[in-house]
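File shown: final23.cif. Contents: mmCIF, C-alpha atoms and all ligand atoms.
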```cif
data_my_file
#
loop_
_atom_site.group_PDB
_atom_site.id
_atom_site.type_symbol
_atom_site.label_atom_id
_atom_site.label_comp_id
_atom_site.auth_asym_id
_atom_site.auth_seq_id
_atom_site.Cartn_x
_atom_site.Cartn_y
_atom_site.Cartn_z
ATOM 1 C CA MET A 1 29.825 0.206 -3.270
ATOM 2 C CA ASP A 2 27.612 -2.841 -3.887
ATOM 3 C CA MET A 3 24.611 -1.259 -5.529
ATOM 4 C CA GLN A 4 22.537 -4.423 -5.617
ATOM 5 C CA ALA A 5 23.073 -4.902 -1.885
ATOM 6 C CA ILE A 6 21.938 -1.327 -1.280
ATOM 7 C CA LEU A 7 18.760 -1.850 -3.293
ATOM 8 C CA ASP A 8 18.070 -5.153 -1.532
ATOM 9 C CA GLN A 9 18.539 -3.492 1.869
ATOM 10 C CA VAL A 10 16.235 -0.591 1.015
ATOM 11 C CA TYR A 11 13.641 -3.030 -0.294
ATOM 12 C CA ALA A 12 13.808 -5.111 2.875
ATOM 13 C CA GLU A 13 13.600 -2.035 5.128
ATOM 14 C CA LEU A 14 10.519 -0.750 3.350
ATOM 15 C CA THR A 15 8.717 -4.040 2.772
ATOM 16 C CA PRO A 16 6.586 -3.604 5.935
ATOM 17 C CA ARG A 17 5.325 -0.312 4.494
ATOM 18 C CA ILE A 18 4.235 -1.630 1.083
ATOM 19 C CA GLY A 19 0.680 -0.460 0.438
ATOM 20 C CA GLU A 20 1.193 2.874 2.236
ATOM 21 C CA GLY A 21 -0.430 6.001 0.788
ATOM 22 C CA LYS A 22 -3.446 6.402 -1.430
ATOM 23 C CA VAL A 23 -3.625 5.398 -5.093
ATOM 24 C CA ALA A 24 -4.699 8.266 -7.390
ATOM 25 C CA ASP A 25 -8.363 7.694 -8.112
ATOM 26 C CA TYR A 26 -9.345 10.829 -10.010
ATOM 27 C CA ILE A 27 -8.249 8.989 -13.165
ATOM 28 C CA PRO A 28 -10.540 5.914 -13.014
ATOM 29 C CA GLU A 29 -8.080 3.667 -14.832
ATOM 30 C CA LEU A 30 -5.354 4.431 -12.265
ATOM 31 C CA ALA A 31 -7.723 3.653 -9.376
ATOM 32 C CA LYS A 32 -7.647 0.009 -10.507
ATOM 33 C CA VAL A 33 -3.904 -0.373 -9.850
ATOM 34 C CA SER A 34 -2.999 -2.477 -6.806
ATOM 35 C CA PRO A 35 -1.180 -0.422 -4.144
ATOM 36 C CA ASN A 36 0.818 -3.478 -3.077
ATOM 37 C CA GLN A 37 3.578 -3.027 -5.625
ATOM 38 C CA PHE A 38 7.062 -1.660 -5.180
ATOM 39 C CA GLY A 39 9.984 -1.647 -7.585
ATOM 40 C CA MET A 40 13.308 0.155 -7.965
ATOM 41 C CA ALA A 41 16.009 0.320 -10.618
ATOM 42 C CA ILE A 42 19.345 2.094 -10.774
ATOM 43 C CA ALA A 43 21.089 2.651 -14.112
ATOM 44 C CA THR A 44 24.656 3.824 -13.610
ATOM 45 C CA VAL A 45 26.686 5.970 -15.990
ATOM 46 C CA LYS A 46 29.175 3.090 -16.094
ATOM 47 C CA GLY A 47 26.528 1.021 -17.852
ATOM 48 C CA ASP A 48 25.266 -1.267 -15.102
ATOM 49 C CA ILE A 49 21.627 -1.778 -14.197
ATOM 50 C CA PHE A 50 20.468 -2.947 -10.790
ATOM 51 C CA ALA A 51 16.880 -3.705 -9.916
ATOM 52 C CA VAL A 52 14.651 -5.105 -7.204
ATOM 53 C CA GLY A 53 10.967 -5.913 -6.598
ATOM 54 C CA ASP A 54 8.469 -4.948 -9.274
ATOM 55 C CA ALA A 55 11.093 -3.196 -11.406
ATOM 56 C CA GLY A 56 9.901 -5.028 -14.508
ATOM 57 C CA THR A 57 6.212 -4.140 -14.179
ATOM 58 C CA PRO A 58 4.996 -1.344 -16.486
ATOM 59 C CA PHE A 59 3.193 1.550 -14.808
ATOM 60 C CA SER A 60 1.736 4.856 -15.934
ATOM 61 C CA ILE A 61 4.572 7.387 -15.792
ATOM 62 C CA GLN A 62 2.131 10.336 -15.755
ATOM 63 C CA SER A 63 3.940 13.580 -14.897
ATOM 64 C CA ILE A 64 7.408 12.077 -15.262
ATOM 65 C CA SER A 65 6.712 12.439 -18.997
ATOM 66 C CA LYS A 66 6.964 16.204 -18.474
ATOM 67 C CA VAL A 67 10.759 15.874 -18.278
ATOM 68 C CA PHE A 68 10.911 14.207 -21.689
ATOM 69 C CA MET A 69 8.465 16.655 -23.264
ATOM 70 C CA LEU A 70 10.448 19.589 -21.902
ATOM 71 C CA THR A 71 13.581 18.086 -23.431
ATOM 72 C CA LEU A 72 11.783 17.833 -26.787
ATOM 73 C CA ALA A 73 10.402 21.373 -26.594
ATOM 74 C CA LEU A 74 13.824 22.802 -25.695
ATOM 75 C CA GLY A 75 15.191 21.007 -28.743
ATOM 76 C CA LYS A 76 12.561 22.676 -30.919
ATOM 77 C CA VAL A 77 12.478 26.253 -29.670
ATOM 78 C CA GLY A 78 15.450 26.471 -27.320
ATOM 79 C CA GLU A 79 15.293 29.170 -24.671
ATOM 80 C CA GLY A 80 12.227 30.586 -26.447
ATOM 81 C CA ILE A 81 10.204 28.165 -24.329
ATOM 82 C CA TRP A 82 10.601 30.550 -21.386
ATOM 83 C CA LYS A 83 8.285 33.065 -23.016
ATOM 84 C CA ARG A 84 5.518 30.520 -22.519
ATOM 85 C CA VAL A 85 6.302 29.110 -19.116
ATOM 86 C CA GLY A 86 8.283 30.193 -16.034
ATOM 87 C CA ARG A 87 11.012 28.514 -14.026
ATOM 88 C CA GLU A 88 9.829 29.109 -10.481
ATOM 89 C CA PRO A 89 8.459 26.586 -8.000
ATOM 90 C CA SER A 90 4.729 27.050 -7.620
ATOM 91 C CA GLY A 91 4.192 26.148 -3.976
ATOM 92 C CA SER A 92 0.781 24.981 -5.148
ATOM 93 C CA ALA A 93 -0.785 21.666 -6.098
ATOM 94 C CA PHE A 94 0.129 20.134 -9.468
ATOM 95 C CA ASN A 95 -3.288 20.915 -10.927
ATOM 96 C CA SER A 96 -3.773 24.362 -9.376
ATOM 97 C CA ILE A 97 -5.270 27.167 -11.450
ATOM 98 C CA VAL A 98 -4.971 30.167 -9.098
ATOM 99 C CA GLN A 99 -1.570 31.464 -10.154
ATOM 100 C CA LEU A 100 -2.521 31.404 -13.827
ATOM 101 C CA GLU A 101 -4.828 34.336 -13.376
ATOM 102 C CA HIS A 102 -2.274 36.400 -11.489
ATOM 103 C CA GLU A 103 0.413 35.691 -14.052
ATOM 104 C CA SER A 104 -1.536 36.301 -17.256
ATOM 105 C CA GLY A 105 -1.808 32.690 -18.318
ATOM 106 C CA ILE A 106 1.929 31.957 -17.977
ATOM 107 C CA PRO A 107 2.346 28.868 -15.781
ATOM 108 C CA ARG A 108 4.984 28.997 -13.030
ATOM 109 C CA ASN A 109 7.034 26.084 -14.379
ATOM 110 C CA PRO A 110 6.955 23.269 -16.965
ATOM 111 C CA PHE A 111 6.293 20.519 -14.406
ATOM 112 C CA ILE A 112 2.926 21.576 -13.020
ATOM 113 C CA ASN A 113 -0.001 20.584 -15.233
ATOM 114 C CA ALA A 114 -0.556 24.056 -16.690
ATOM 115 C CA GLY A 115 3.127 24.343 -17.610
ATOM 116 C CA ALA A 116 3.201 20.904 -19.185
ATOM 117 C CA ILE A 117 0.129 21.743 -21.234
ATOM 118 C CA ALA A 118 1.929 24.830 -22.585
ATOM 119 C CA VAL A 119 4.964 22.651 -23.375
ATOM 120 C CA ALA A 120 2.716 20.146 -25.199
ATOM 121 C CA ASP A 121 1.389 23.067 -27.262
ATOM 122 C CA VAL A 122 4.973 23.922 -28.265
ATOM 123 C CA VAL A 123 5.746 20.324 -29.248
ATOM 124 C CA LEU A 124 2.510 20.242 -31.268
ATOM 125 C CA ALA A 125 3.589 23.129 -33.528
ATOM 126 C CA GLY A 126 3.651 22.040 -37.179
ATOM 127 C CA HIS A 127 2.166 18.628 -36.369
ATOM 128 C CA GLN A 128 -1.112 16.800 -36.129
ATOM 129 C CA PRO A 129 -1.628 15.564 -32.534
ATOM 130 C CA LYS A 130 -0.917 11.982 -33.634
ATOM 131 C CA GLU A 131 2.419 13.026 -35.112
ATOM 132 C CA ALA A 132 3.411 14.882 -31.944
ATOM 133 C CA ILE A 133 2.600 11.793 -29.876
ATOM 134 C CA GLY A 134 4.575 9.714 -32.378
ATOM 135 C CA GLU A 135 7.512 12.076 -32.012
ATOM 136 C CA LEU A 136 7.462 11.681 -28.233
ATOM 137 C CA LEU A 137 7.270 7.903 -28.532
ATOM 138 C CA ARG A 138 10.227 7.835 -30.939
ATOM 139 C CA PHE A 139 12.160 10.035 -28.514
ATOM 140 C CA ILE A 140 11.401 7.710 -25.584
ATOM 141 C CA HIS A 141 12.471 4.711 -27.661
ATOM 142 C CA TYR A 142 15.699 6.549 -28.470
ATOM 143 C CA VAL A 143 16.599 7.616 -24.928
ATOM 144 C CA ALA A 144 15.612 4.291 -23.361
ATOM 145 C CA ASP A 145 16.974 2.305 -26.321
ATOM 146 C CA ASP A 146 13.818 0.218 -26.180
ATOM 147 C CA ASP A 147 11.219 0.141 -28.957
ATOM 148 C CA SER A 148 8.765 -1.897 -26.909
ATOM 149 C CA ILE A 149 7.673 1.096 -24.777
ATOM 150 C CA SER A 150 4.087 2.090 -25.536
ATOM 151 C CA ILE A 151 1.222 4.317 -24.506
ATOM 152 C CA ASP A 152 -1.615 2.796 -22.503
ATOM 153 C CA LYS A 153 -4.613 3.937 -24.530
ATOM 154 C CA LYS A 154 -7.064 2.990 -21.779
ATOM 155 C CA VAL A 155 -5.358 5.381 -19.361
ATOM 156 C CA ALA A 156 -5.311 8.157 -21.966
ATOM 157 C CA LYS A 157 -9.017 7.639 -22.657
ATOM 158 C CA SER A 158 -9.881 7.463 -19.005
ATOM 159 C CA GLU A 159 -8.165 10.773 -18.344
ATOM 160 C CA THR A 160 -9.695 12.401 -21.410
ATOM 161 C CA ARG A 161 -13.124 11.541 -20.031
ATOM 162 C CA THR A 162 -12.455 12.893 -16.553
ATOM 163 C CA GLY A 163 -9.782 15.564 -17.034
ATOM 164 C CA TYR A 164 -12.043 18.515 -16.243
ATOM 165 C CA ARG A 165 -9.362 20.415 -14.368
ATOM 166 C CA ASN A 166 -6.898 20.071 -17.211
ATOM 167 C CA PHE A 167 -9.564 21.305 -19.638
ATOM 168 C CA ALA A 168 -10.111 24.260 -17.318
ATOM 169 C CA LEU A 169 -6.366 25.017 -17.194
ATOM 170 C CA ALA A 170 -6.027 24.752 -20.957
ATOM 171 C CA ASN A 171 -9.059 26.915 -21.643
ATOM 172 C CA PHE A 172 -7.774 29.496 -19.216
ATOM 173 C CA MET A 173 -4.403 29.647 -20.949
ATOM 174 C CA ARG A 174 -6.010 29.750 -24.368
ATOM 175 C CA ALA A 175 -8.072 32.743 -23.198
ATOM 176 C CA PHE A 176 -4.815 34.513 -22.303
ATOM 177 C CA GLY A 177 -3.345 33.641 -25.711
ATOM 178 C CA ASN A 178 -0.837 31.168 -24.284
ATOM 179 C CA LEU A 179 -1.997 28.195 -26.393
ATOM 180 C CA ASP A 180 -1.645 28.218 -30.172
ATOM 181 C CA HIS A 181 -3.701 25.104 -30.855
ATOM 182 C CA PRO A 182 -7.241 23.997 -30.027
ATOM 183 C CA VAL A 183 -7.586 22.847 -26.424
ATOM 184 C CA GLU A 184 -8.742 19.330 -27.447
ATOM 185 C CA GLU A 185 -5.627 18.835 -29.587
ATOM 186 C CA VAL A 186 -3.186 20.035 -26.955
ATOM 187 C CA LEU A 187 -4.814 17.914 -24.270
ATOM 188 C CA GLY A 188 -4.871 14.948 -26.657
ATOM 189 C CA VAL A 189 -1.079 15.174 -26.707
ATOM 190 C CA TYR A 190 -0.850 15.821 -22.957
ATOM 191 C CA PHE A 191 -3.083 12.901 -21.917
ATOM 192 C CA HIS A 192 -1.193 10.511 -24.195
ATOM 193 C CA GLN A 193 2.219 11.579 -22.894
ATOM 194 C CA CYS A 194 0.969 11.003 -19.319
ATOM 195 C CA ALA A 195 -0.260 7.541 -20.326
ATOM 196 C CA LEU A 196 3.203 6.324 -21.340
ATOM 197 C CA SER A 197 3.671 2.958 -19.732
ATOM 198 C CA MET A 198 7.187 2.081 -18.550
ATOM 199 C CA THR A 199 8.967 -0.143 -16.074
ATOM 200 C CA CYS A 200 11.475 1.140 -13.508
ATOM 201 C CA ARG A 201 14.255 -0.434 -15.568
ATOM 202 C CA GLN A 202 13.149 1.361 -18.734
ATOM 203 C CA LEU A 203 12.661 4.654 -16.923
ATOM 204 C CA ALA A 204 16.082 4.566 -15.273
ATOM 205 C CA ARG A 205 17.710 3.945 -18.659
ATOM 206 C CA ALA A 206 15.646 6.692 -20.266
ATOM 207 C CA GLY A 207 16.792 9.203 -17.636
ATOM 208 C CA LEU A 208 20.488 8.382 -17.903
ATOM 209 C CA TYR A 209 21.247 11.227 -20.319
ATOM 210 C CA LEU A 210 20.463 13.656 -17.512
ATOM 211 C CA ALA A 211 22.969 11.977 -15.210
ATOM 212 C CA ASN A 212 25.689 11.831 -17.857
ATOM 213 C CA ARG A 213 26.084 15.323 -19.307
ATOM 214 C CA GLY A 214 23.389 14.799 -21.940
ATOM 215 C CA VAL A 215 24.692 11.530 -23.400
ATOM 216 C CA ASN A 216 23.204 8.086 -22.794
ATOM 217 C CA PRO A 217 26.317 6.095 -21.871
ATOM 218 C CA LEU A 218 24.650 2.794 -22.795
ATOM 219 C CA THR A 219 24.129 3.769 -26.425
ATOM 220 C CA GLY A 220 26.417 6.749 -26.940
ATOM 221 C CA HIS A 221 23.317 8.662 -28.091
ATOM 222 C CA SER A 222 23.777 12.370 -27.523
ATOM 223 C CA VAL A 223 20.444 13.790 -26.375
ATOM 224 C CA VAL A 224 21.168 17.311 -25.105
ATOM 225 C CA SER A 225 24.194 19.465 -24.325
ATOM 226 C CA PRO A 226 25.756 19.167 -20.847
ATOM 227 C CA LYS A 227 24.445 22.634 -20.008
ATOM 228 C CA ARG A 228 20.903 21.677 -20.945
ATOM 229 C CA ALA A 229 21.101 18.462 -18.913
ATOM 230 C CA ARG A 230 22.139 20.555 -15.890
ATOM 231 C CA ARG A 231 19.333 23.015 -16.440
ATOM 232 C CA ILE A 232 16.618 20.382 -16.799
ATOM 233 C CA SER A 233 17.939 18.784 -13.615
ATOM 234 C CA ALA A 234 17.815 22.158 -11.830
ATOM 235 C CA LEU A 235 14.134 22.456 -12.686
ATOM 236 C CA MET A 236 13.519 18.920 -11.464
ATOM 237 C CA LEU A 237 15.100 19.821 -8.146
ATOM 238 C CA THR A 238 13.144 23.035 -7.663
ATOM 239 C CA CYS A 239 9.808 22.096 -9.263
ATOM 240 C CA GLY A 240 9.693 18.314 -9.808
ATOM 241 C CA HIS A 241 7.566 17.493 -6.772
ATOM 242 C CA TYR A 242 5.099 20.412 -6.861
ATOM 243 C CA ASP A 243 4.464 21.784 -3.384
ATOM 244 C CA GLY A 244 6.535 18.910 -2.012
ATOM 245 C CA SER A 245 9.680 20.001 -3.896
ATOM 246 C CA GLY A 246 11.370 21.625 -0.909
ATOM 247 C CA ASP A 247 10.730 18.592 1.238
ATOM 248 C CA PHE A 248 12.077 16.240 -1.440
ATOM 249 C CA ALA A 249 15.233 18.333 -1.841
ATOM 250 C CA TYR A 250 15.660 18.370 1.948
ATOM 251 C CA HIS A 251 15.243 14.627 2.412
ATOM 252 C CA VAL A 252 16.668 13.245 -0.834
ATOM 253 C CA GLY A 253 18.945 16.003 -2.152
ATOM 254 C CA LEU A 254 18.666 14.955 -5.802
ATOM 255 C CA PRO A 255 16.709 16.307 -8.775
ATOM 256 C CA GLY A 256 13.563 14.241 -9.168
ATOM 257 C CA LYS A 257 10.280 14.134 -11.021
ATOM 258 C CA SER A 258 7.228 12.365 -9.699
ATOM 259 C CA GLY A 259 3.987 11.215 -11.306
ATOM 260 C CA VAL A 260 0.576 10.318 -9.871
ATOM 261 C CA GLY A 261 1.067 6.772 -11.139
ATOM 262 C CA GLY A 262 3.450 6.437 -8.175
ATOM 263 C CA GLY A 263 6.712 6.632 -10.077
ATOM 264 C CA ILE A 264 9.681 8.923 -9.416
ATOM 265 C CA LEU A 265 12.738 9.447 -11.608
ATOM 266 C CA ALA A 266 15.724 10.842 -9.712
ATOM 267 C CA ILE A 267 19.084 11.908 -11.079
ATOM 268 C CA ALA A 268 22.431 11.553 -9.317
ATOM 269 C CA PRO A 269 24.581 13.698 -11.646
ATOM 270 C CA GLY A 270 27.721 11.884 -12.750
ATOM 271 C CA ASP A 271 26.568 8.649 -11.121
ATOM 272 C CA ALA A 272 23.176 7.269 -12.041
ATOM 273 C CA ALA A 273 19.503 7.578 -12.870
ATOM 274 C CA ILE A 274 17.165 5.990 -10.348
ATOM 275 C CA ALA A 275 13.552 4.977 -10.955
ATOM 276 C CA VAL A 276 11.262 3.931 -8.129
ATOM 277 C CA TRP A 277 7.599 2.984 -8.204
ATOM 278 C CA SER A 278 4.900 2.310 -5.672
ATOM 279 C CA PRO A 279 1.358 3.512 -6.430
ATOM 280 C CA GLY A 280 0.339 4.814 -2.981
ATOM 281 C CA LEU A 281 0.692 8.605 -2.872
ATOM 282 C CA ASN A 282 1.318 11.050 -0.039
ATOM 283 C CA LYS A 283 -0.802 14.172 0.545
ATOM 284 C CA VAL A 284 0.847 16.204 -2.220
ATOM 285 C CA GLY A 285 0.516 13.463 -4.837
ATOM 286 C CA ASN A 286 4.021 11.969 -4.757
ATOM 287 C CA SER A 287 4.719 8.261 -4.165
ATOM 288 C CA ALA A 288 4.905 7.734 -0.383
ATOM 289 C CA LEU A 289 7.137 4.681 -0.503
ATOM 290 C CA GLY A 290 9.053 5.960 -3.528
ATOM 291 C CA SER A 291 10.054 9.119 -1.648
ATOM 292 C CA ALA A 292 11.126 7.068 1.384
ATOM 293 C CA ALA A 293 13.094 4.714 -0.873
ATOM 294 C CA LEU A 294 14.968 7.545 -2.548
ATOM 295 C CA GLU A 295 15.868 9.053 0.810
ATOM 296 C CA LEU A 296 17.371 5.724 1.892
ATOM 297 C CA ILE A 297 19.163 5.212 -1.446
ATOM 298 C CA ALA A 298 20.655 8.716 -1.229
ATOM 299 C CA GLN A 299 21.780 8.065 2.348
ATOM 300 C CA LYS A 300 23.349 4.711 1.586
ATOM 301 C CA THR A 301 25.082 5.754 -1.640
ATOM 302 C CA GLY A 302 26.046 9.221 -0.408
ATOM 303 C CA TRP A 303 24.634 10.683 -3.631
ATOM 304 C CA SER A 304 23.582 14.321 -3.274
ATOM 305 C CA VAL A 305 23.858 17.463 -5.344
ATOM 306 C CA PHE A 306 24.792 19.304 -2.145
ATOM 307 C CA GLY A 307 28.111 17.558 -1.541
ATOM 308 C CA ALA A 308 28.911 14.420 0.419
HETATM 309 N N1 LIG B 1 -2.114 13.170 -15.972
HETATM 310 C C1 LIG B 1 -2.071 13.716 -14.642
HETATM 311 C C2 LIG B 1 -2.932 14.950 -14.553
HETATM 312 O O1 LIG B 1 -2.914 15.735 -15.427
HETATM 313 C C3 LIG B 1 -0.649 14.011 -14.284
HETATM 314 C C4 LIG B 1 -0.510 14.576 -12.920
HETATM 315 C C5 LIG B 1 0.676 14.050 -12.164
HETATM 316 O O2 LIG B 1 1.259 13.022 -12.467
HETATM 317 N N2 LIG B 1 0.984 14.743 -11.092
HETATM 318 O O3 LIG B 1 -3.631 15.157 -13.608
#
```

Could you spell out this file's structure in structure tokens?
Ligand code: GLN
Amino acid sequence: MDMQAILDQVYAELTPRIGEGKVADYIPELAKVSPNQFGMAIATVKGDIFAVGDAGTPFSIQSISKVFMLTLALGKVGEGIWKRVGREPSGSAFNSIVQLEHESGIPRNPFINAGAIAVADVVLAGHQPKEAIGELLRFIHYVADDDSISIDKKVAKSETRTGYRNFALANFMRAFGNLDHPVEEVLGVYFHQCALSMTCRQLARAGLYLANRGVNPLTGHSVVSPKRARRISALMLTCGHYDGSGDFAYHVGLPGKSGVGGGILAIAPGDAAIAVWSPGLNKVGNSALGSAALELIAQKTGWSVFGA
């Protein structure tokens, strides 16, 4: 299978649609990003990297960071994390608050905003916010094997200024006793993790441990056990696209995690990690072109967790 040819074909097929969707504008800094960008990268477990389009342009990974923070939190408290957050798809928007009241401040899963805020609280334990952010950055450098990856402070600031819904979610959870640290500190960590700036190439490399039984094949770095890699991937499949998770599983058939920056990280277990980016979003806040691209890549490669 000529992976570069597949990427080139998908890029050519989707070129007429570049600019589709609506760039997230509730974070003012993200509203400035041009919608006319589209990149893809595939990192295979054999150690090859293929890329096309704007695969070398850094973008705000936003909610994709929730996968890395969950990995960190599982490393710290293991299965204890599930006392703080559930494992069920929410069927609601990523920033929804309604279920929190019904479920006593326990978010449905770690990939909606409320769940990720609870996970950030767990990672914060025993640290100052700056140290927790530093720990995440070191972890990203380790999994991607790239020390140049950084946090876009402007994006973090922009979201801190306008993140009213996230403040509401955090305050709500704190009222139910499901946050151990002050809301400002937890959200400081959360907004900075969301502001991680990465290229498709870097993101695909960073996700490889999930495709390769917990070990990054490029570096030999062991990140998690095979069982944990499977479990994180299971959550990506069921909850990684919010109320679009069922549709993504139906069309793409791979675990994936999206972010409102327009990126998606998808995992083809045993084969590859795929990162796609195009800032225009569909109605549920997932990259419009990115979702279409992953559907085509899955079709052309035959990759699917549901069999060939
Ligand atoms: N930082 C964003 C927010 O909290 C992340 C949301 C997303 O990527 N879906 O609203």

Shortest interatomic distance to Gly207 of chain A - which of A:Tyr11, A:Trp82, A:Phe111, A:Phe139, counting all atoms listed in the file: A:Phe139

Which distance in Å separates atom CA of Ala168 of chain A and atom CA of Ala31 of chain A, to one decimal? 22.2 Å

Would you list the residues that come within 8 Å of ligand LIG 1 (chain B)? Count only C-alpha atoms and all ligand atoms and give the answer as JSON, numbers by chain. {"A": [27, 61, 62, 63, 64, 94, 95, 112, 113, 159, 163, 165, 166, 190, 191, 194, 195, 258, 259, 260, 261, 285, 286]}

Saved selection, atoms kept: C-alpha atoms, as a short mmCIF file (atom, residue, chain, number, x, y, z; two decimals), keeping the file's coordinate frame:
```
data_model
loop_
_atom_site.label_atom_id
_atom_site.label_comp_id
_atom_site.auth_asym_id
_atom_site.auth_seq_id
_atom_site.Cartn_x
_atom_site.Cartn_y
_atom_site.Cartn_z
CA ILE A 27 -8.25 8.99 -13.16
CA ILE A 61 4.57 7.39 -15.79
CA GLN A 62 2.13 10.34 -15.76
CA SER A 63 3.94 13.58 -14.90
CA ILE A 64 7.41 12.08 -15.26
CA PHE A 94 0.13 20.13 -9.47
CA ASN A 95 -3.29 20.92 -10.93
CA ILE A 112 2.93 21.58 -13.02
CA ASN A 113 0.00 20.58 -15.23
CA GLU A 159 -8.16 10.77 -18.34
CA GLY A 163 -9.78 15.56 -17.03
CA ARG A 165 -9.36 20.42 -14.37
CA ASN A 166 -6.90 20.07 -17.21
CA TYR A 190 -0.85 15.82 -22.96
CA PHE A 191 -3.08 12.90 -21.92
CA CYS A 194 0.97 11.00 -19.32
CA ALA A 195 -0.26 7.54 -20.33
CA SER A 258 7.23 12.36 -9.70
CA GLY A 259 3.99 11.22 -11.31
CA VAL A 260 0.58 10.32 -9.87
CA GLY A 261 1.07 6.77 -11.14
CA GLY A 285 0.52 13.46 -4.84
CA ASN A 286 4.02 11.97 -4.76
#
```

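Closest approach to Gly91 of chain A from the set A:Thr238, A:Gln9, A:Asn212, A:Gln37 is made by A:Thr238, with distances taken over only C-alpha atoms.
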
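Remark: for Lys154 of chain A, the closest of the candidate residues A:Pro35, A:Pro110, A:Pro28, A:Pro16 is A:Pro28 (distances computed over all atoms listed in the file).
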
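Using all atoms listed in the file, the shortest contact distance between Ile232 of chain A and any of A:Asp147, A:Asp180, A:Asp25, A:Glu79 is found at A:Glu79.
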
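Coordinates place atom CA of Gly246 of chain A at a distance of 24.5 Å from atom CA of Glu13 of chain A.
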
Taking the file as I've supplied it (selection: the PyMOL selection byres (((chain A and resi 235) around 12) and not hetatm)), which residues are included? Please answer as a CSV table (one decimal) with C-alpha atoms, keeping the file's coordinate frame.
```csv
chain,number,residue,atom,x,y,z
A,66,LYS,CA,7.0,16.2,-18.5
A,67,VAL,CA,10.8,15.9,-18.3
A,70,LEU,CA,10.4,19.6,-21.9
A,71,THR,CA,13.6,18.1,-23.4
A,86,GLY,CA,8.3,30.2,-16.0
A,87,ARG,CA,11.0,28.5,-14.0
A,88,GLU,CA,9.8,29.1,-10.5
A,89,PRO,CA,8.5,26.6,-8.0
A,90,SER,CA,4.7,27.0,-7.6
A,108,ARG,CA,5.0,29.0,-13.0
A,109,ASN,CA,7.0,26.1,-14.4
A,110,PRO,CA,7.0,23.3,-17.0
A,111,PHE,CA,6.3,20.5,-14.4
A,112,ILE,CA,2.9,21.6,-13.0
A,210,LEU,CA,20.5,13.7,-17.5
A,228,ARG,CA,20.9,21.7,-20.9
A,229,ALA,CA,21.1,18.5,-18.9
A,230,ARG,CA,22.1,20.6,-15.9
A,231,ARG,CA,19.3,23.0,-16.4
A,232,ILE,CA,16.6,20.4,-16.8
A,233,SER,CA,17.9,18.8,-13.6
A,234,ALA,CA,17.8,22.2,-11.8
A,236,MET,CA,13.5,18.9,-11.5
A,237,LEU,CA,15.1,19.8,-8.1
A,238,THR,CA,13.1,23.0,-7.7
A,239,CYS,CA,9.8,22.1,-9.3
A,240,GLY,CA,9.7,18.3,-9.8
A,241,HIS,CA,7.6,17.5,-6.8
A,242,TYR,CA,5.1,20.4,-6.9
A,245,SER,CA,9.7,20.0,-3.9
A,249,ALA,CA,15.2,18.3,-1.8
A,254,LEU,CA,18.7,15.0,-5.8
A,255,PRO,CA,16.7,16.3,-8.8
A,256,GLY,CA,13.6,14.2,-9.2
A,257,LYS,CA,10.3,14.1,-11.0
A,267,ILE,CA,19.1,11.9,-11.1
```

List the residues matched by the PyMOL selection byres (((chain A and resi 291-306) around 7) and not hetatm) in the displayed structure as a VMD selection string, ordered by chain and then by residue number. chain A and resid 6 10 251 to 254 268 287 to 290 307 to 308

Shell around Ile42 of chain A at 6 Å using only C-alpha atoms, local window under 5 positions removed, as a ChimeraX atom specification: /A:49-50,273-274

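Going from atom CA of Val189 of chain A over to atom CA of Ala120 of chain A, you cover 6.4 Å.
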
Residue IDs satisfying the PyMOL selection byres (((chain A and resi 221) around 12) and not hetatm), as a count of residues only: 23
